[in-house]
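Reading through the structure tokens given below for one structure.
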Amino acid sequence: MGGSGRDSRPRPAIRSALTGSALFPLTRVRAPAVSRWRLTWVLILGALAVAFVAALPLFVVAGRAVTAAPSVWLGLWSGQIPGLLGNTLALVVATVSFAVVIGVALAWLTERTDLPGAPLWRWALAIPLVIPAYVAALALIVLLRRGGLIDRFLTGALGAVPGTVPLPDLFGLGGATLTIALCVFPYVYLPAAVALRSQDRALEDASRLAGRGRVTTLIRVTLPLAAPAIAAGALLVGLYVLSDFGTVSLLRYRTFTTVIFNQFAGQIDRSAAACLSVILIVLTTPMLAVEALLSRRGRRLAAASGWRPPRRHALGAWRVPALGGVILVAVLSLGVPLFTLGGLALQGWLAPTDVDRVWSVGNDGLGQQTLNSLVVSALAATVALTCAFAPALLAARYPSWPSRVLLGLCLSAAILPGLIVGLALVLFLATWAPAVHGTALGLGLGLTLRALPSALAAAEPALRGVPPLFERAARSLGSSPVAVLRRITLPLAAPGLSGGWVLAFLTAMKELPTALMMRPPGFDTLPVRIMAAANESVYTQAAPPALALVAATALPLLLLARRGERGLEGAARTNG
Amino acid sequence: MTNGDMILKVTPPVHRAFTRSGRVLSRRCLLTLGGLALVSAACAPSVPPATAVPNSSAAPSAAPIATKPSTPTPAEITIYTTRAEALFKPVIDAFTSAHPSIKATVLTGTDATLGTRLIEERASPRADVYINADTLAAIDLSEKGLFAPNPSRTVAAVAETYREIDGRWVSLTLRARTIMVNTNLVKPEERPLSVFDLIDPKWKGQAGAADSRNGAMLASLVAIGALQGDAKTVEFVRGLVANRTKWFSGHTDVRKAVGNGEFKLGFVNHYYYHLSKAEGAPVGIIYPDQATGQMGLMVNSTNASLVAGSRSVEQAAVFIDYMLGSEGQKLFAERNYEYPIASGVPLAEGVAPLSQYRLASITLRQLWEGLAATRALAQRSGLP
């Protein structure tokens, strides 16, 4: 992600991230003329090995689904699948729409208008990325459930009969949509902001000169130009919703992931769960295809030289409501979870209730759990980034269908439900590597597979942004391929790669189902503790680990952001 | 080559290799001896099998030492349990102080995660003991061959209806299926007296229950079918659905919602009432179906099993014996308000003795036998 200018023009890597799909690169880069056969073979073998390990869960699931008795399929189809399909699709559509509306509106406000305090809001609106949606759900449940803080306050204030104060129904589609969208809208906001900021003012000027109004220009010119970036963000939101487990199970909304999780209960039947997973994968494929299509179109639309920053609109009388809206989103997505959890943690420590006494609420082992989470996630992020290198470089330098297939296989662990990934790996490790199975290393491997797509999605554009010309020049001057890698490729791609590490780390820290399935006995991580307490509805016990998780994930994100907010946006743009 | 390959090629440390080969041997021993135990148990059910088995499968690295069951060789045991960790930890702590030579590590989860983990780990089991609160799931796993016979005398002392004959699973405590009410919202004279009152339209939208994911709920349906006919099960399920019953995957949500006044009634295990009561919620309890002609009170159990292929069978058996002993039983009774399986252990304050009630005449084993058919029937009738 080189580049040095102080102007707000995106750097090469960002530009490539904007114009090409981060998940499926379609940009053709001319293959270098200098023969690098040996290095290429090392790359191919490395990429094959990574893809094989990453796709193990996919193979296991596909195998089980194919060998499942037809009666299992029939039973599912006539029983659960139609309803689940409806539930899951409704949640995906609602959440993606909501996140796109908030994300794009906020991006336009902070980038294209004279909104007061825009630099501050750019920060505040990126931070919700560190709050896992299940943590936000927890905070909302504590506030809004019957008998929760708001209910008790209103009952006391109004003198109403307990249980009669009207409350919004948190449990179900509406609550799940609101909760998830408020946590993941930065996936849309960040790339949309970059896209809106980097547009050329000439196109809009031309539209206005041709007599179009502001609104028409916005709808016909500005938004279509930003569409690929928005679509990429929307895809990430969609994938997040499809693989989300914690939030929907807390908010009692039945989707494929929760049912797959519960498929085992009582009837411990893995083939039915495998069938449901296969349907989940089938659901994901069209989303990937649409995103690839839009980004290909976006590449054609990319502007050329003579770029000037876009104009900012004066909000005028709309300033106050616009500012109010931005503050509302920031408060709901950041303020509400953090203050609720902080208050709960304090209550658990300072004024324990009967509930806390029955469940012996305390902070025993919180430090150890934080350390466990940090160590195993750092391990996973490092291994994921190292593993991502070969397939990413292959896809960047030799774009073709085989390299795309390899990349797709590497991404498959992110699309499968975490529980299924965990199960498949437990089977694999217990059979082939019993010494690793049930250790922190095994859990690290599971988290690596979940974090691999984040690392890949950041590493691929970063490597593609390194001009092959430089590498060829170094080679022709007598450097060995390894020296070229060390002295040219890696330093130039370093900013993008470090962004990839941070996002892989973030993904691993927040990952819940894989940790539930693979953690060794006696080795608890923060998400596991949060969920265990939430399942018993002992919220004072869930708050301290939730706060620790947010703090531990925010730290590296802030470090990354210190490199400039571009780094943050570019990295978030590619987060999977 | 990349790290991806390295991960696959990690060689097991040497000491692991030893225990692994040793374990294979001990498992074979165990299988043979288990078979013998089964035969002898079948021939002479009244005589408890000899205690030779645990000793002969002791740690393979050391020469077999003749030890009394109360002082086993130092070892670590791993316990997989679906019990709530906060309520289970006192038992572990008490066990550790009674047997300081045995280090007990706990992995908590659900029958879904832990049961499937047991299955996937068959080739190299990590767990030594499995403890759960769903009888049907325990018998299911037992039938899949995941548990080993437990020839302990303490296990054999448990009534036969509350264990597998060879001790593959043994009940630790009992739980009664009851109806919990919010006392702010339900007047004493309105209280339902039978589970079938839950389908009375006057409770429309006012009751919560666990759905087909929950073993205790399914067990209740099996009992209804077995004692009163499948038609009654269908009527009950359809009635609950028509009455807009709120469905949950487990009973914690139900008891919380009743306590908070989200709805008035919940069909739960009895100890959830006591937990809510201890937490200060306005709740009451009904032990249903006690009138003549009604089915009686349904009871299910929490259970313990030795995991087949365990490396520390002897110590694992000591742990199960401890939980069945007076100290362990007392902790379960006091902390969890459950009915101890051992006699002579006092109940927690406020827990009504089971002897006051007429129990439904169906065994745990019969509940499991009716499970598959009842689940299919209930789901066809609309149980989510």
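Identifiers in this document derive from the order of the structure tokens: chains are assigned A, B, ..., residues are numbered from 1 separately in each chain, and ligands are numbered from 1 in order of occurrence.
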Tell me which protein, DNA and RNA residues are within 10 Å of range 168-179 of chain A, counting only C-alpha atoms, leaving out same-chain ones fewer than 5 positions away, and put them as a PyMOL selection string. chain A and resi 87-88+90-99+133-141+144-146+184+241+247-254+332-333
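Residues within 6 Å of Gly233 in chain A, counting only C-alpha atoms and excluding same-chain residues fewer than 3 positions away, are Tyr187, Val188, Ile230 and Leu236 of chain A.
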Select from range 366-547 of chain A everything DSSP, run on the backbone, classes as alpha helix (DSSP H), then give the selection as a ChimeraX atom specification. /A:366-397,401-415,418-432,440-464,468-476,481-484,490-510,513-518,526-535,539-547
Per residue of chain B within 6 Å of chain A, which atom pair is closest and at what distance in Å (one decimal), using only C-alpha atoms, listed by chain and increasing number, as CSV?
residue,atom,partner,partner_atom,distance
B:Met1,CA,A:Gly46,CA,5.1
B:Thr2,CA,A:Gly46,CA,5.5
B:Gly4,CA,A:Val50,CA,5.2
B:Pro12,CA,A:Ala435,CA,5.0
B:Ala86,CA,A:Trp359,CA,5.7
B:Thr105,CA,A:Gly522,CA,5.7
B:Val106,CA,A:Pro521,CA,5.7
B:Leu107,CA,A:Pro521,CA,4.6
B:Asp111,CA,A:Ala265,CA,5.6
B:Ala112,CA,A:Ala265,CA,4.5
B:Glu120,CA,A:Leu427,CA,4.6
B:Glu121,CA,A:Ala430,CA,5.3
B:Ala123,CA,A:Thr431,CA,5.6
B:Ser124,CA,A:Ala430,CA,5.5
B:Ala137,CA,A:Gly266,CA,4.7
B:Arg213,CA,A:Ala265,CA,5.8
B:Gly215,CA,A:Gly266,CA,5.8
B:Asn260,CA,A:Gly147,CA,4.8
B:Gly261,CA,A:Gly163,CA,5.3
B:Glu262,CA,A:Arg146,CA,5.7
B:Glu279,CA,A:Val355,CA,4.6
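Here CA of Ala551 in chain A is placed at a distance of 8.4 Å from CA of Val130 in chain A.
For the atom pair formed by CA of Pro461 in chain A and CA of Gly418 in chain A, the distance is 25.9 Å, given to one decimal.
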Which residues come within 10 Å of Ala231 in chain A, counting only C-alpha atoms, excluding same-chain residues fewer than 3 positions away, as a ChimeraX atom specification? /A:21,96,100,188,191-192,226-228,234-237,287,290-295
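Residues in contact with range 377-384 of chain B at up to 9 Å, not including ones fewer than 6 positions away on its chain and judged by only C-alpha atoms, are A:Gly79, A:Gln80, B:Asp211, B:Ser212, B:Arg213, B:Leu218, B:Leu221, B:Asp230, B:Thr233, B:Val234, B:Glu235, B:Val237, B:Arg238, B:Leu240, B:Val241, B:Trp247.
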Write out as a VMD selection string each polymer residue whose atoms come within 8 Å of range 125-133 of chain B, counting only C-alpha atoms; drop sequence neighbours fewer than 4 positions from it. (chain A and resid 430 438) or (chain B and resid 77 to 83 111 118 121 138 301 to 313 316 320)
Could you name the residues that touch Arg335 in chain B at 9 Å or less, counting only C-alpha atoms, but leaving out those on the same chain fewer than 4 positions away, as a VMD selection string? (chain A and resid 358) or (chain B and resid 87 to 88 90 330 to 331 348)
Any chance you could export the current selection's all heavy atoms as a short mmCIF file (atom, residue, chain, number, x, y, z; two decimals), in the first residue's frame?
data_model
loop_
_atom_site.label_atom_id
_atom_site.label_comp_id
_atom_site.auth_asym_id
_atom_site.auth_seq_id
_atom_site.Cartn_x
_atom_site.Cartn_y
_atom_site.Cartn_z
N VAL A 358 -26.43 -16.47 43.93
CA VAL A 358 -26.74 -17.85 43.54
C VAL A 358 -25.69 -18.37 42.55
O VAL A 358 -25.26 -19.51 42.62
CB VAL A 358 -28.15 -17.94 42.92
CG1 VAL A 358 -28.38 -19.30 42.29
CG2 VAL A 358 -29.19 -17.66 43.97
N LEU B 87 -22.67 -23.87 39.07
CA LEU B 87 -23.30 -24.76 40.04
C LEU B 87 -22.53 -26.07 40.18
O LEU B 87 -22.74 -26.83 41.12
CB LEU B 87 -24.74 -25.04 39.61
CG LEU B 87 -25.62 -23.80 39.47
CD1 LEU B 87 -27.03 -24.20 39.06
CD2 LEU B 87 -25.65 -23.01 40.76
N PHE B 88 -21.65 -26.37 39.22
CA PHE B 88 -20.91 -27.62 39.24
C PHE B 88 -19.57 -27.47 39.94
O PHE B 88 -19.04 -28.42 40.50
CB PHE B 88 -20.72 -28.12 37.80
CG PHE B 88 -20.19 -29.51 37.69
CD1 PHE B 88 -20.85 -30.56 38.31
CD2 PHE B 88 -19.03 -29.78 36.99
CE1 PHE B 88 -20.36 -31.86 38.22
CE2 PHE B 88 -18.55 -31.08 36.89
CZ PHE B 88 -19.21 -32.11 37.51
N PRO B 90 -18.60 -26.14 42.77
CA PRO B 90 -18.47 -26.56 44.17
C PRO B 90 -18.22 -28.07 44.31
O PRO B 90 -17.48 -28.49 45.20
CB PRO B 90 -19.82 -26.17 44.78
CG PRO B 90 -20.31 -25.06 43.94
CD PRO B 90 -19.81 -25.34 42.56
N LYS B 330 -25.04 -34.43 48.60
CA LYS B 330 -25.49 -33.31 49.42
C LYS B 330 -25.31 -31.99 48.64
O LYS B 330 -26.18 -31.12 48.68
CB LYS B 330 -24.66 -33.28 50.71
CG LYS B 330 -25.45 -32.78 51.89
CD LYS B 330 -24.65 -32.98 53.17
CE LYS B 330 -24.69 -31.72 53.99
NZ LYS B 330 -23.46 -31.35 54.62
N LEU B 331 -24.17 -31.89 47.94
CA LEU B 331 -23.93 -30.66 47.18
C LEU B 331 -24.97 -30.46 46.09
O LEU B 331 -25.48 -29.36 45.87
CB LEU B 331 -22.53 -30.69 46.57
CG LEU B 331 -21.40 -30.33 47.52
CD1 LEU B 331 -20.06 -30.66 46.90
CD2 LEU B 331 -21.47 -28.85 47.87
N ALA B 348 -32.80 -29.87 49.92
CA ALA B 348 -32.62 -28.45 50.22
C ALA B 348 -33.90 -27.91 50.83
O ALA B 348 -35.00 -28.46 50.63
CB ALA B 348 -32.28 -27.69 48.94
#
Test item, strand (DSSP E or B) assignment across range 88-274 of chain B, answer as a ChimeraX atom specification: /B:102-108,129-132,147-148,163,170-182,207-210,246-248,265-269
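Rounded to one decimal, CA of Trp203 in chain B and CA of Asn243 in chain B lie 7.1 Å from each other.
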